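**Q** Got a structure for you, input.cif, holding mmCIF, C-alpha atoms and all ligand atoms.
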data_coords
#
loop_
_atom_site.label_atom_id
_atom_site.label_comp_id
_atom_site.auth_asym_id
_atom_site.auth_seq_id
_atom_site.Cartn_x
_atom_site.Cartn_y
_atom_site.Cartn_z
CA MET A 1 132.68 59.66 142.94
CA ILE A 2 136.40 59.92 142.29
CA PRO A 3 138.32 56.92 143.69
CA GLU A 4 141.06 57.31 146.30
CA LEU A 5 144.55 57.36 144.87
CA GLU A 6 146.81 54.43 145.60
CA THR A 7 149.11 55.87 148.24
CA ALA A 8 151.85 53.24 147.95
CA GLY A 9 154.84 54.71 146.12
CA LEU A 10 153.38 58.23 146.08
CA GLU A 11 155.95 61.00 146.22
CA THR A 12 155.36 63.52 149.01
CA VAL A 13 156.79 66.21 146.75
CA ALA A 14 154.91 66.50 143.46
CA ILE A 15 157.14 69.09 141.79
CA ALA A 16 160.61 70.39 142.67
CA ALA A 17 162.12 73.13 140.49
CA ARG A 18 165.61 74.52 141.03
CA GLY A 19 166.84 77.37 138.85
CA LEU A 20 164.40 76.12 136.23
CA SER A 21 164.79 78.05 132.98
CA ARG A 22 163.61 77.80 129.43
CA HIS A 23 165.10 80.36 127.09
CA TYR A 24 164.33 80.80 123.40
CA GLY A 25 167.50 82.46 122.10
CA ALA A 26 167.79 85.66 124.12
CA HIS A 27 164.15 85.44 125.24
CA ARG A 28 163.70 84.13 128.78
CA ALA A 29 160.24 82.53 128.71
CA VAL A 30 160.90 80.90 132.11
CA ASP A 31 163.85 82.13 134.13
CA GLY A 32 165.35 80.69 137.30
CA LEU A 33 162.25 79.28 139.02
CA ASP A 34 162.75 77.77 142.49
CA PHE A 35 159.77 76.13 144.13
CA THR A 36 158.52 72.94 145.69
CA LEU A 37 154.93 71.78 145.43
CA ASP A 38 153.83 69.12 147.88
CA ALA A 39 151.63 66.28 146.70
CA GLY A 40 147.93 66.86 147.31
CA THR A 41 148.26 70.64 146.99
CA THR A 42 146.26 72.90 144.68
CA LEU A 43 148.07 75.81 143.05
CA ALA A 44 146.68 78.79 141.14
CA LEU A 45 149.18 79.87 138.50
CA ILE A 46 148.60 83.45 137.44
CA GLY A 47 150.47 85.93 135.30
CA HIS A 48 150.09 88.37 132.42
CA ASN A 49 150.01 87.23 128.78
CA GLY A 50 153.44 85.85 127.97
CA ALA A 51 154.47 85.55 131.65
CA GLY A 52 155.57 81.93 131.11
CA LYS A 53 152.65 79.90 132.52
CA THR A 54 152.14 77.63 129.52
CA THR A 55 155.91 77.21 129.12
CA LEU A 56 156.10 76.06 132.76
CA MET A 57 153.26 73.59 132.15
CA LYS A 58 155.02 72.25 129.04
CA LEU A 59 158.20 71.78 131.08
CA ILE A 60 156.24 69.89 133.75
CA LEU A 61 154.66 67.72 131.06
CA GLY A 62 158.06 66.99 129.52
CA LEU A 63 156.96 68.43 126.15
CA ILE A 64 159.99 70.74 126.22
CA ARG A 65 163.30 70.52 128.10
CA PRO A 66 164.78 73.11 130.45
CA THR A 67 167.67 75.10 129.00
CA ALA A 68 169.06 75.42 132.56
CA GLY A 69 168.26 74.25 136.07
CA SER A 70 166.49 71.10 137.16
CA LEU A 71 162.94 69.86 137.43
CA LYS A 72 161.55 66.75 139.10
CA VAL A 73 157.91 65.82 138.63
CA LEU A 74 156.62 62.95 140.79
CA GLY A 75 160.27 62.18 141.44
CA VAL A 76 161.35 61.98 137.80
CA GLU A 77 162.82 64.39 135.21
CA PRO A 78 159.78 64.86 132.97
CA ALA A 79 161.62 65.06 129.64
CA ARG A 80 163.15 61.61 130.34
CA ALA A 81 160.03 60.08 131.87
CA ALA A 82 158.70 56.75 130.63
CA LEU A 83 155.14 56.43 129.34
CA GLU A 84 154.10 54.74 132.57
CA HIS A 85 155.15 57.85 134.47
CA ARG A 86 153.53 60.30 132.04
CA ARG A 87 150.23 58.51 132.47
CA GLN A 88 150.13 59.79 136.04
CA ILE A 89 149.77 63.32 134.73
CA GLY A 90 146.50 64.70 133.32
CA PHE A 91 146.50 67.80 131.15
CA LEU A 92 143.73 70.04 129.90
CA PRO A 93 145.26 72.42 127.33
CA GLU A 94 144.13 76.00 126.87
CA ASN A 95 142.65 75.35 123.43
CA VAL A 96 141.18 71.90 123.54
CA ALA A 97 140.54 70.38 120.07
CA PHE A 98 138.68 67.16 119.32
CA HIS A 99 137.69 65.22 116.23
CA ASP A 100 134.30 66.70 115.36
CA GLU A 101 132.84 63.53 113.85
CA LEU A 102 133.37 61.38 116.95
CA THR A 103 130.78 61.21 119.73
CA GLY A 104 131.65 62.14 123.31
CA THR A 105 131.96 58.48 124.27
CA GLN A 106 134.06 57.62 121.21
CA THR A 107 136.36 60.57 121.93
CA LEU A 108 136.91 59.57 125.52
CA ARG A 109 137.44 55.91 124.63
CA PHE A 110 140.01 57.00 122.03
CA TYR A 111 141.97 58.88 124.72
CA ALA A 112 141.51 56.04 127.21
CA ARG A 113 143.20 53.65 124.74
CA LEU A 114 146.02 56.15 124.15
CA LYS A 115 146.57 56.51 127.89
CA ARG A 116 145.95 52.82 128.54
CA ALA A 117 143.30 53.81 131.05
CA PRO A 118 140.40 51.42 131.77
CA LEU A 119 137.63 51.90 129.16
CA LYS A 120 135.05 51.38 131.88
CA GLN A 121 136.05 54.75 133.34
CA CYS A 122 134.63 56.59 130.34
CA ASP A 123 130.94 56.43 131.23
CA ALA A 124 131.59 57.38 134.86
CA LEU A 125 133.74 60.34 133.81
CA LEU A 126 131.16 61.61 131.31
CA GLU A 127 128.64 61.42 134.13
CA ARG A 128 131.02 63.21 136.50
CA VAL A 129 131.49 66.16 134.17
CA GLY A 130 127.77 66.34 133.40
CA LEU A 131 127.94 65.09 129.81
CA SER A 132 126.07 61.79 130.01
CA PHE A 133 123.09 63.33 128.25
CA ALA A 134 125.25 64.11 125.19
CA ALA A 135 127.53 61.04 125.29
CA SER A 136 126.27 59.68 121.97
CA ARG A 137 126.17 63.04 120.19
CA ARG A 138 128.95 64.05 117.82
CA VAL A 139 131.42 66.55 119.29
CA LYS A 140 130.66 68.99 116.47
CA THR A 141 127.26 69.56 118.11
CA TYR A 142 128.86 70.44 121.48
CA SER A 143 128.95 73.97 122.84
CA LYS A 144 132.28 75.47 123.98
CA GLY A 145 131.43 74.65 127.60
CA MET A 146 130.61 71.04 126.69
CA ARG A 147 133.96 70.70 124.91
CA GLN A 148 135.69 72.02 128.01
CA ARG A 149 133.89 69.40 130.10
CA LEU A 150 134.92 66.69 127.67
CA GLY A 151 138.47 68.01 127.92
CA LEU A 152 138.31 67.73 131.68
CA ALA A 153 137.00 64.14 131.45
CA GLN A 154 139.94 63.37 129.14
CA ALA A 155 142.38 64.88 131.65
CA LEU A 156 140.87 62.79 134.47
CA LEU A 157 141.34 59.47 132.65
CA GLY A 158 143.58 57.07 134.55
CA ASP A 159 143.12 58.89 137.91
CA PRO A 160 146.18 61.12 137.47
CA GLN A 161 148.29 62.06 140.48
CA LEU A 162 149.04 65.43 138.93
CA LEU A 163 146.56 67.49 136.96
CA LEU A 164 147.49 70.55 134.89
CA LEU A 165 144.60 72.74 133.83
CA ASP A 166 145.49 75.60 131.48
CA GLU A 167 142.71 78.22 131.66
CA PRO A 168 140.10 75.48 132.06
CA THR A 169 137.06 77.59 132.84
CA THR A 170 137.13 79.63 129.62
CA GLY A 171 133.70 79.26 128.01
CA LEU A 172 132.00 77.85 131.10
CA ASP A 173 128.95 79.50 132.62
CA PRO A 174 129.00 80.36 136.37
CA ALA A 175 127.26 77.13 137.45
CA SER A 176 129.66 75.02 135.37
CA ARG A 177 132.63 76.92 136.83
CA ALA A 178 131.44 76.17 140.35
CA GLU A 179 131.07 72.49 139.38
CA PHE A 180 134.55 72.58 137.89
CA PHE A 181 136.08 73.82 141.13
CA GLN A 182 134.11 71.22 143.06
CA ILE A 183 135.72 68.49 140.93
CA MET A 184 139.13 70.08 141.50
CA ARG A 185 138.55 70.03 145.28
CA GLU A 186 137.50 66.35 145.18
CA LEU A 187 140.67 65.50 143.27
CA ALA A 188 142.81 67.30 145.82
CA ASP A 189 140.94 65.59 148.66
CA ARG A 190 141.84 62.19 147.28
CA GLY A 191 145.50 63.21 147.15
CA ALA A 192 146.00 64.58 143.63
CA THR A 193 148.08 67.69 142.99
CA VAL A 194 146.33 70.27 140.82
CA ILE A 195 147.78 73.29 139.00
CA ILE A 196 145.27 75.63 137.44
CA SER A 197 146.02 78.74 135.41
CA SER A 198 143.42 81.41 134.80
CA HIS A 199 143.11 85.10 134.07
CA ILE A 200 139.84 85.28 135.99
CA LEU A 201 141.30 86.08 139.38
CA THR A 202 138.04 86.52 141.26
CA GLU A 203 137.11 82.89 140.57
CA LEU A 204 140.47 81.61 141.81
CA GLU A 205 140.32 83.46 145.11
CA ALA A 206 140.06 81.04 148.05
CA LYS A 207 139.86 78.06 145.68
CA THR A 208 143.46 76.85 145.91
CA ASP A 209 145.95 76.21 148.72
CA LEU A 210 148.72 78.20 147.06
CA VAL A 211 149.13 80.99 144.54
CA ALA A 212 152.08 81.43 142.17
CA ILE A 213 152.43 84.79 140.43
CA MET A 214 154.61 84.82 137.34
CA ASN A 215 156.00 88.00 135.84
CA THR A 216 158.15 88.00 132.66
CA GLY A 217 159.39 84.45 133.25
CA HIS A 218 160.11 84.91 136.96
CA LEU A 219 158.24 83.73 140.01
CA ALA A 220 157.24 87.04 141.59
CA ALA A 221 155.40 85.41 144.52
CA PHE A 222 154.62 81.89 145.73
CA GLY A 223 152.66 80.82 148.80
CA PRO A 224 149.26 80.75 150.50
CA LEU A 225 147.12 83.76 149.64
CA ASP A 226 147.08 84.95 153.26
CA MET A 227 150.88 84.92 153.35
CA LEU A 228 151.08 86.92 150.12
CA ARG A 229 148.47 89.31 151.54
CA ARG A 230 150.64 89.89 154.62
CA GLU A 231 153.79 90.28 152.51
CA ALA A 232 152.10 92.78 150.19
CA ASP A 233 150.98 94.78 153.24
CA LEU A 234 148.25 96.46 151.20
CA PRO A 235 145.68 98.70 152.91
CA VAL A 236 142.20 97.57 153.90
CA ARG A 237 139.38 99.33 152.04
CA ILE A 238 136.50 100.76 154.08
CA THR A 239 133.54 101.96 152.05
CA VAL A 240 131.45 104.46 153.97
CA VAL A 241 127.99 105.66 152.99
CA THR A 242 127.73 109.33 153.98
CA PRO A 243 124.27 110.74 153.18
CA ASN A 244 125.17 114.23 154.42
CA GLY A 245 128.57 114.56 152.76
CA THR A 246 131.94 112.92 153.14
CA GLY A 247 133.66 115.68 155.16
CA PRO A 248 133.02 114.29 158.69
CA ALA A 249 134.32 110.82 157.81
CA VAL A 250 137.48 112.20 156.22
CA SER A 251 138.15 114.50 159.20
CA ALA A 252 137.45 111.72 161.72
CA LEU A 253 140.09 109.46 160.22
CA GLY A 254 142.67 112.21 159.72
CA SER A 255 146.10 110.77 158.98
CA ILE A 256 144.91 107.17 159.58
CA ALA A 257 143.50 107.21 156.05
CA GLN A 258 146.29 106.56 153.56
CA ARG A 259 143.95 107.57 150.77
CA ALA A 260 140.33 108.69 150.40
CA VAL A 261 138.31 108.40 147.20
CA VAL A 262 134.91 110.08 147.01
CA SER A 263 132.28 108.41 144.79
CA GLU A 264 131.01 110.33 141.78
CA ASN A 265 127.63 111.03 143.39
CA GLY A 266 129.39 112.29 146.55
CA HIS A 267 127.34 110.02 148.86
CA SER A 268 130.01 107.46 149.64
CA LEU A 269 133.69 107.31 150.27
CA GLN A 270 136.41 104.70 150.06
CA LEU A 271 139.00 105.00 152.80
CA PHE A 272 142.22 103.01 152.65
CA VAL A 273 143.80 102.25 156.02
CA HIS A 274 146.67 100.06 157.21
CA VAL A 275 145.40 96.75 158.59
CA GLU A 276 146.69 97.70 162.08
CA ASP A 277 144.58 100.87 162.02
CA LYS A 278 141.39 99.09 160.95
CA LEU A 279 139.73 98.82 164.39
CA GLU A 280 140.62 102.41 165.33
CA ALA A 281 139.19 103.60 162.01
CA LEU A 282 135.96 101.66 162.58
CA ALA A 283 135.63 103.08 166.11
CA ARG A 284 136.03 106.63 164.82
CA LEU A 285 133.57 106.12 161.97
CA THR A 286 130.86 104.49 164.11
CA ALA A 287 131.23 107.35 166.61
CA LEU A 288 130.03 109.72 163.88
CA GLY A 289 126.43 108.55 164.36
CA ASP A 290 124.04 109.63 161.58
CA ALA A 291 126.87 111.01 159.44
CA VAL A 292 127.63 107.39 158.51
CA ALA A 293 124.63 105.39 157.22
CA ASP A 294 126.53 102.18 156.42
CA LEU A 295 130.01 100.80 156.02
CA ASP A 296 131.71 97.86 154.45
CA ILE A 297 135.24 96.48 154.91
CA ALA A 298 137.22 94.61 152.25
CA ARG A 299 140.62 92.96 152.56
CA PRO A 300 142.85 93.25 149.49
CA GLY A 301 141.68 90.69 146.92
CA LEU A 302 143.77 88.44 144.70
CA ASP A 303 143.59 90.98 141.87
CA GLU A 304 145.16 93.70 144.07
CA ILE A 305 147.77 91.30 145.43
CA TYR A 306 148.56 90.21 141.87
CA ARG A 307 149.06 93.80 140.75
CA HIS A 308 151.29 94.43 143.75
CA PHE A 309 153.64 91.58 142.88
CA SER A 310 153.49 91.84 139.08
CA PRO A 311 154.68 95.13 137.58
CA GLU A 312 153.44 93.94 134.17
CA ALA A 313 149.95 93.33 135.58
CA ALA A 314 149.93 96.75 137.22
CA LYS A 315 150.93 98.34 133.90
CA ALA A 316 148.16 96.45 132.06
CA ALA A 317 145.60 97.48 134.69
CA ALA A 318 146.69 101.13 134.41
CA ALA A 319 146.25 100.89 130.63
CA GLY A 320 142.79 99.34 131.10
CA GLY A 321 143.87 95.87 129.93
CA GLU A 322 143.10 92.45 131.37
CA ALA A 323 144.88 90.79 134.30
N1 LIG B 401 158.43 78.10 120.93
C1 LIG B 401 158.66 79.35 121.27
N2 LIG B 401 159.58 80.09 120.65
C2 LIG B 401 159.84 81.37 121.01
N3 LIG B 401 159.22 82.01 122.02
C3 LIG B 401 158.30 81.33 122.69
C4 LIG B 401 157.95 79.98 122.36
N4 LIG B 401 156.99 79.57 123.22
C5 LIG B 401 156.73 80.61 124.04
N5 LIG B 401 157.51 81.66 123.71
C6 LIG B 401 157.52 82.98 124.37
O1 LIG B 401 157.70 82.77 125.76
C7 LIG B 401 156.92 83.68 126.52
C8 LIG B 401 156.04 82.93 127.48
O2 LIG B 401 155.01 82.29 126.76
P1 LIG B 401 153.86 81.44 127.46
O3 LIG B 401 153.02 80.85 126.39
O4 LIG B 401 154.50 80.52 128.44
O5 LIG B 401 153.07 82.57 128.25
P2 LIG B 401 151.72 82.48 129.09
O6 LIG B 401 152.01 83.01 130.44
O7 LIG B 401 151.17 81.09 129.01
O8 LIG B 401 150.79 83.50 128.30
P3 LIG B 401 149.19 83.52 128.01
O9 LIG B 401 148.55 84.00 129.27
O10 LIG B 401 149.08 84.53 126.91
O11 LIG B 401 148.75 82.14 127.60
C9 LIG B 401 156.15 84.53 125.51
O12 LIG B 401 156.84 85.75 125.31
C10 LIG B 401 156.17 83.69 124.26
O13 LIG B 401 156.13 84.47 123.10
#
What does the file become when written as structure tokens?

**A**
Amino acid sequence: MIPELETAGLETVAIAARGLSRHYGAHRAVDGLDFTLDAGTTLALIGHNGAGKTTLMKLILGLIRPTAGSLKVLGVEPARAALEHRRQIGFLPENVAFHDELTGTQTLRFYARLKRAPLKQCDALLERVGLSFAASRRVKTYSKGMRQRLGLAQALLGDPQLLLLDEPTTGLDPASRAEFFQIMRELADRGATVIISSHILTELEAKTDLVAIMNTGHLAAFGPLDMLRREADLPVRITVVTPNGTGPAVSALGSIAQRAVVSENGHSLQLFVHVEDKLEALARLTALGDAVADLDIARPGLDEIYRHFSPEAAKAAAAGGEA
């Protein structure tokens, strides 16, 4: 179990950024970000390679200073924050590295001393991340997934109010990923603020309260997924199984269908309709009787919404690259 956070003295706003920028010479790694993140909120931070996600995390951690604009984290400018304040922030970096010769327990106790967190937390945290069985094994014998879990235990030391997880599920199998998101939800439920970055958009969908989409240093979108879905105004996809050919379904929808894509085997069809036309489209398709053997409706997913807001992501997708 993860203990409740002390609520006394807790800021209601975890992060406030105004015109936040970090430029490297002429290169604008982060450029003019404006957002507020309330305490106790979970945020998915997504963006193409080089979009500025890690730079934003470093700014939040106070590892680098803004070149313009302002940033308050738990009420304080992070680059000027005292150690006491920094201890309220947990961080799991993208490439987590440990001393190979230390055991899991020794590693965690080392970080607990650094963070001045209670040593008695270590065993409970190893248990929480499912590593108790390997606590006395040297880290060099750990798999990638086990190292990630140890990294998460390290980030959870001291019951941080703010947790930054940079691509934390890399190397984890599906069951471990599910467990990871369960821990994230428990943290949020006890009042912690969590920011998680990932390129695996399907796993982030419906896991966080808010989504931030970064594109070339800018914040292209920020808000609850449903709000971004409405703003993007993308069509709903209806997949229709048409055993006797796709012609009747296409004719029935007429101009309601913004686009129709026939499958390679010719037995099914994807029809894209505006959300307001969805019910009319379903009525017309079901009226076709045997010409339609089955149908399936899908709202635009996070990957489609991401491509809508991020021109770089759309370009990468068109070129067959990753999100
Ligand atoms: N110290 C630095 N000096 C110069 N440029 C930098 C520095 N750190 C980052 N950048 C540049 O800033 C941009 C943003 O980098 P950042 O690491 O924040 O991207 P990211 O969104 O985390 O990417 P990825 O998904 O690949 O991890 C990149 O173009 C990067 O090359």

**Q** Using only C-alpha atoms, which residues sit within 8 Å of region 162-165 of chain A once same-chain residues fewer than 5 positions away are excluded, as a list in words?

**A**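 The neighbour list is Ala14, Met57, Gln88, Ile89, Gly90, Phe91, Leu92, Pro93, Glu94, Ala155, Leu156, Ala192, Thr193, Val194, Ile195, Ile196 and Ser197 of chain A.
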
**Q** Please report the interatomic distance between CA of Leu83 (chain A) and CA of Pro66 (chain A) in Å with one decimal.

**A**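 About the pair CA of Leu83 (chain A) and CA of Pro66 (chain A): they are 19.3 Å apart.
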
**Q** For a test of reading the model, state the distance in Å between CA of His23 (chain A) and atom O6 of ligand LIG 401 (chain B), rounded to one decimal.

**A**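 Taking CA of His23 (chain A) as the start and atom O6 of ligand LIG 401 (chain B) as the end point, the length is 13.8 Å.
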
**Q** Which protein, DNA or RNA residues have an atom within 10 Å of ligand LIG 401 (chain B), counting only C-alpha atoms and all ligand atoms, as a ChimeraX atom specification?

**A** /A:22-30,45-59,64,94,166-167,197-199,214-217,323

**Q** Choose the residue, out of A:Val129, A:Val273, A:Ile15, A:Leu285, that has the smallest atom-to-atom separation from Gln182 (chain A); count only C-alpha atoms.

**A** A:Val129

**Q** If I take CA of Ala134 (chain A) and CA of Gly158 (chain A), how far is one from the other in Å, to one decimal?

**A**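 Rounded to one decimal, the two atoms are 21.8 Å apart.
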
**Q** Let me make sure I understand: among A:Thr141, A:Leu210, A:Phe98, A:Arg185, which one has the smallest atom-to-atom distance to Asp38 (chain A) if we use only C-alpha atoms?

**A**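 The closest residue to Asp38 (chain A) is A:Leu210.
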
**Q** Pick the closest to Ala44 (chain A) from A:Pro160, A:Pro174, A:Gly191, A:Gly223: which is it, counting only C-alpha atoms?

**A**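 When distances to Ala44 (chain A) are compared using only C-alpha atoms, the smallest one comes from A:Gly223.
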
**Q** Would you mind listing what lies within 7 Å of Ala79 (chain A) as a ChimeraX atom specification, with only C-alpha atoms counted and same-chain residues fewer than 5 positions away left out?

**A** /A:62-65
